[in-house]
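Novice: Okay, here's the structure, questions in a sec.
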Amino acid sequence: MVKCSKIEFLAAVASTHVRDGENVFGGTGLPLLASLLAKETHAPHANLISEAGFIDARPRNVPLSVADSRFYYGCSASIGLIETLGFILQAGRVDVGFLGAAQIDEYGNLNTTYIGSFDKPKIKLPGSGGGNDIASSAKRLIIIMTHEKRKFVKKLDYFTSPGHLEGPGSRKKWSMVGGGPSVVITDKCQFDFDPKTLKIRLMSVHPGFTVKDILDDVMFDVIVPDRVPTTKEPTQEQIDIMHRLDPNGIYLAKGGE
Amino acid sequence: MVKCSKIEFLAAVASTHVRDGENVFGGTGLPLLASLLAKETHAPHANLISEAGFIDARPRNVPLSVADSRFYYGCSASIGLIETLGFILQAGRVDVGFLGAAQIDEYGNLNTTYIGSFDKPKIKLPGSGGGNDIASSAKRLIIIMTHEKRKFVKKLDYFTSPGHLEGPGSRKKWSMVGGGPSVVITDKCQFDFDPKTLKIRLMSVHPGFTVKDILDDVMFDVIVPDRVPTTKEPTQEQIDIMHRLDPNGIYLAKGGE
Amino acid sequence: MTGTEIDDKRITLEEAARIVPDGAHLFWGGFGYQRAPIAFARELVRQKKRGLTIYTCGSEVDLEIMVGAGVATRFDIAFTAIEALGLANNMRRRVAEGKAQVEDYSNLAMAMRFMGGALNVPFMPIRSLMGTDMVQYSRYRGDKKLKVIDCPFTGEKICLVPSAKPDFSIIHVQRVDKTGNAQIDGIVGEDLEGARCGKKLIVLAEELIDVDEVRSRPDQTKIPAMYVSHVVVAPFIAHPVQCHNYYDYDLEHLMMFHKMTKTEEGWQEYLKSFILDVENHYEYLNHVGWEHLMSLRAKKPWGY
Amino acid sequence: MTGTEIDDKRITLEEAARIVPDGAHLFWGGFGYQRAPIAFARELVRQKKRGLTIYTCGSEVDLEIMVGAGVATRFDIAFTAIEALGLANNMRRRVAEGKAQVEDYSNLAMAMRFMGGALNVPFMPIRSLMGTDMVQYSRYRGDKKLKVIDCPFTGEKICLVPSAKPDFSIIHVQRVDKTGNAQIDGIVGEDLEGARCGKKLIVLAEELIDVDEVRSRPDQTKIPAMYVSHVVVAPFIAHPVQCHNYYDYDLEHLMMFHKMTKTEEGWQEYLKSFILDVENHYEYLNHVGWEHLMSLRAKKPWGY
């Protein structure tokens, strides 16, 4: 068993969900690290897109911003938002998008806007950014969150980005281009979605955690299959590659053990 | 009195309607020659735009096509159709547009699409091109036509581009951006539009023609003011400049005497 | 950071034309005398395609060739003529014969239809067309040609034009790499939106450039490879019109073309001589003559 | 062919800020860490502007400065934070205090609102926002925030977002000539549409270039002079964020900024030290220090 931090674990697990040749909306931070790791391992033809306008990016240093010049040299096109969010994403050309959130509900709907009531918000969060667009139109959505009970809620304080909304048929009702969330990766487990109800379902538990740990740490009912496997751990090679990608630990050092 | 061809006369008269500093949709042919002549004489700051994407053009040779590379070098921006017809024209930034037509009615409405019935057209003309867009959205429209009776009709075979439609209030009804036609220049006379009825009105008669000549050569009633001046002739300087602009007579030789 | 293998999307002009089935709908690139994919039109004729529908703002020699040879029968367009020379004679004849149908829009309307298609929304709003016969009459789209509505925000009239999503987009550019990243010099016309609105995109380019060159100045890429299905590289694709920075139009040929198309006999003679009797694009160029072609090459800094 | 006199639109940063009245609506350029007109935000603060409404997709340090200093109170935006570092602390505090209001959209929604404004149509259709609280709740636009309609062509649901036509567009570019023709390197974000949607456009640029240089390669012009009201030329306009091909972001300064804004006291200290106590932009740069600034200069071929 290799020694690794939470961040390393999350990034490595997330990377396994990127398939070769896919068009990936990577953003920055963990998703970027996961996408780059996937490109360096099993998905060399993944096309990494940053919503600011970079297409097929291959940064030699990890970017801090979606608009970071580090995305520029070596990418194959550098355009703008209408291109990435309109012509590419809304047109259904993005296979997988990554999102984080402050709150998630049992259908994978996300809040990145306010904590507290809309009328008197306690905390103004960043807002949608491109999140609502990605959640509406990417074929598949990978959600990455730190696992705190207060984040897995029965009802969102504010509904920013669509998961499976109210379940089967909801996305079709709003003529959404994309398929919605396929997986939620936390630092304790992975969830997927029950195909029939489109409600969140336990997919695998990370080493060191039990099913009960997970159920105790969410505020809604989770579908639990008969057999819940243990999440596959990162390999040393994956960890080494991540450190080569982020030699200064800009992302890896954050929240690491 | 200088000796000049029909084309030279038309171009010179048309050029007088371009004011300094205006944004002009010039096209090719006579309008282009008129715009360039205006720039060389009284309107040096006129901004010549070609709908293919050229802005502030200063061609050293006369272009044959709105997309001609002759517009490129020396212009200040070379973009595309959404820029010129959308961001510039539809946004109300074009002061004056030039149009020709196969038919015109008494409100300055234009046909550039079909001769004959829509169901069984006798002649397919070029179509709108950017003509309808220019007629809808340019602040002022200058129409140039050869003066043949069959072209000045009571009812258009096909209504391609809006003049003053059915008169006062019509353009507002369709929330049109531009003000409609201000002048029609033919090889026999100039028309403007009666401010009250928005119907065509004789403005001036070219040397050698009488008011009766004009009235005989249109198929609708023309408002004739008490005094109809004679159109001012081109100066030798204007003719010389035109020949410098079009040394090979690409436009000047056409239909010349 | 990564050095991945790269797809090579190059095929021949013949192969590219073979992919287009009878009855297909095509966005057609180029504008006026600039970057028209005329070699592709000639190849479609040689392969005897039938029943194509063409979407473009305004095209000239290429439309004349396709309508004249009976390859394309429907046209969602705003304009056709041979600018500065006169009417599009073949189109005029085929329309009068009832063998071709034109659904009339304006240039802005067509450009916005391509933008709407590229954005994958069902329509786009414009302020043109209203009050005219383009609203009153439709050739074959019926009440799906356009809609005039009351704006739900302002109450004013606004025209909605339906987005275009043809089966193929055919465009001609100056340079492309083998994966499909395309660079355009000069004006783009409506080609950026048009390239993105088709279900498949075939890029025809004058010159092949290396992927590394593209990646060293990615802000020069006008069409990213991810949109591109196939790449064709060949010289003088737009002849007898121009390709900015590469060659000027062939005015002599254009005048001959326009003159010959004035009669059906003249057109049939042109068709035989310059299209059917030449085996492929290079034979066409041989027929036109390389000394003549070389005389058309663009001069710096003018680009023509 | 013609050699006309040319207007010189250059004014100082102070003059440019003075043109913006209290209560004005501003499109705000830049995206993320790229080409943010932060020097203009600082100057608005020094001139004690009040009641501005800001329109942008996502901005970071500039919004923090303007909301923190009470210059801007309303925001039609999709995003604000200091990417990779954390929440926008000033915005969080001012919203909690009820001193700032955010009308929430997505990035695509805002970009399309700017495109609609640039096109002078009342709305644009998008496929985002539907089904969420961005449809349910409005901070100050009420039922003019957006409309969800049944598409008159397809019957499907589509969201219409109202076009934005603010009083001013403020954008930052790499190079400009004195008449206003602007060139942008790298990504454009939503700046092309944003620059064209405002009633007046102020272009801030790092470098002045000659008109002849612009006219020798006009396809590099991203914003033609005809849109531009005023031009401001100054170095390091985006500091502490980056300007592609000119300088990198100042991570040290960004971290200090983010840390100081965690408390109102810290923010007030930053406000005093880096904005109010420096007389103008050059004094700010002196305060940051030129040796430090020079260390941020971009290296070829990377652009940062």
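We label chains A, B, ... in the order they appear in the structure tokens, count residues from 1 in each chain, and number ligands from 1 in the order shown.
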Give me, as number ranges by chain, the contact residues of chain D against chain A at a cut-off of 8 Å, counting only C-alpha atoms.

Specialist: D: 31-34, 57-58, 78-81, 83-84, 87-88, 91-93, 95-96, 98, 104-108, 111-112, 127-134, 137, 156-158, 186-190, 242, 244, 248, 301-304

Novice: Taking the chain letters and numbering used in this document, name the residues of region 175-271 of chain C that DSSP puts in strand (DSSP E or B), as a PyMOL selection string.

Specialist: chain C and resi 175-176+182-183+189+200-208+223+230-233+242-243+247

Novice: How far is it from CA of Lys178 (chain D) to CA of Ala46 (chain B), in Å with one decimal?

Specialist: 17.5 Å

Novice: Which residues, written as number ranges by chain, have at least one atom at most 7 Å from Ala39 (chain D), with only C-alpha atoms counted and residues fewer than 6 positions away on the same chain left out?

Specialist: D: 237-238, 281

Novice: Compute the set of chain D residues within 12 Å of chain C, using only C-alpha atoms, and express it as a VMD selection string.

Specialist: chain D and resid 108 112 115 to 117 119 to 128 141 to 163 183 to 188 215 to 222 244 to 245 300 to 303

Novice: Would you list the contacts of Asp76 (chain C) as an MDAnalysis selection string, taking every protein, DNA or RNA residue within 8 Å and counting only C-alpha atoms, but skipping same-chain residues closer than 3 positions in sequence?

Specialist: chainID C and resid 53:56 102:105 110

Novice: The selected residues should be written to file as a compact mmCIF listing (two decimals), in the first residue's frame (atoms: N, CA and C atoms).

Specialist:
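Once everything was written out, this is out00.txt:
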```
# COMPACT_ATOMS: atom_id res chain seq x y z
N THR C 53 -28.57 20.07 -50.96
CA THR C 53 -29.06 21.38 -50.52
C THR C 53 -27.87 22.17 -49.99
N ILE C 54 -27.72 23.38 -50.51
CA ILE C 54 -26.56 24.21 -50.16
C ILE C 54 -26.99 25.35 -49.24
N TYR C 55 -26.22 25.54 -48.16
CA TYR C 55 -26.44 26.64 -47.23
C TYR C 55 -25.23 27.57 -47.28
N THR C 56 -25.46 28.82 -47.61
CA THR C 56 -24.36 29.78 -47.56
C THR C 56 -24.95 31.18 -47.60
N VAL C 102 -34.77 28.25 -54.58
CA VAL C 102 -34.01 29.08 -53.64
C VAL C 102 -34.92 29.51 -52.50
N GLU C 103 -34.50 29.23 -51.27
CA GLU C 103 -35.18 29.77 -50.09
C GLU C 103 -34.42 31.03 -49.72
N ASP C 104 -35.07 32.18 -49.89
CA ASP C 104 -34.37 33.46 -49.81
C ASP C 104 -34.26 34.00 -48.38
N TYR C 105 -33.04 34.28 -47.98
CA TYR C 105 -32.75 34.96 -46.72
C TYR C 105 -31.81 36.13 -47.01
N MET C 110 -28.60 34.41 -42.74
CA MET C 110 -27.88 33.14 -42.93
C MET C 110 -26.73 33.02 -41.94
```
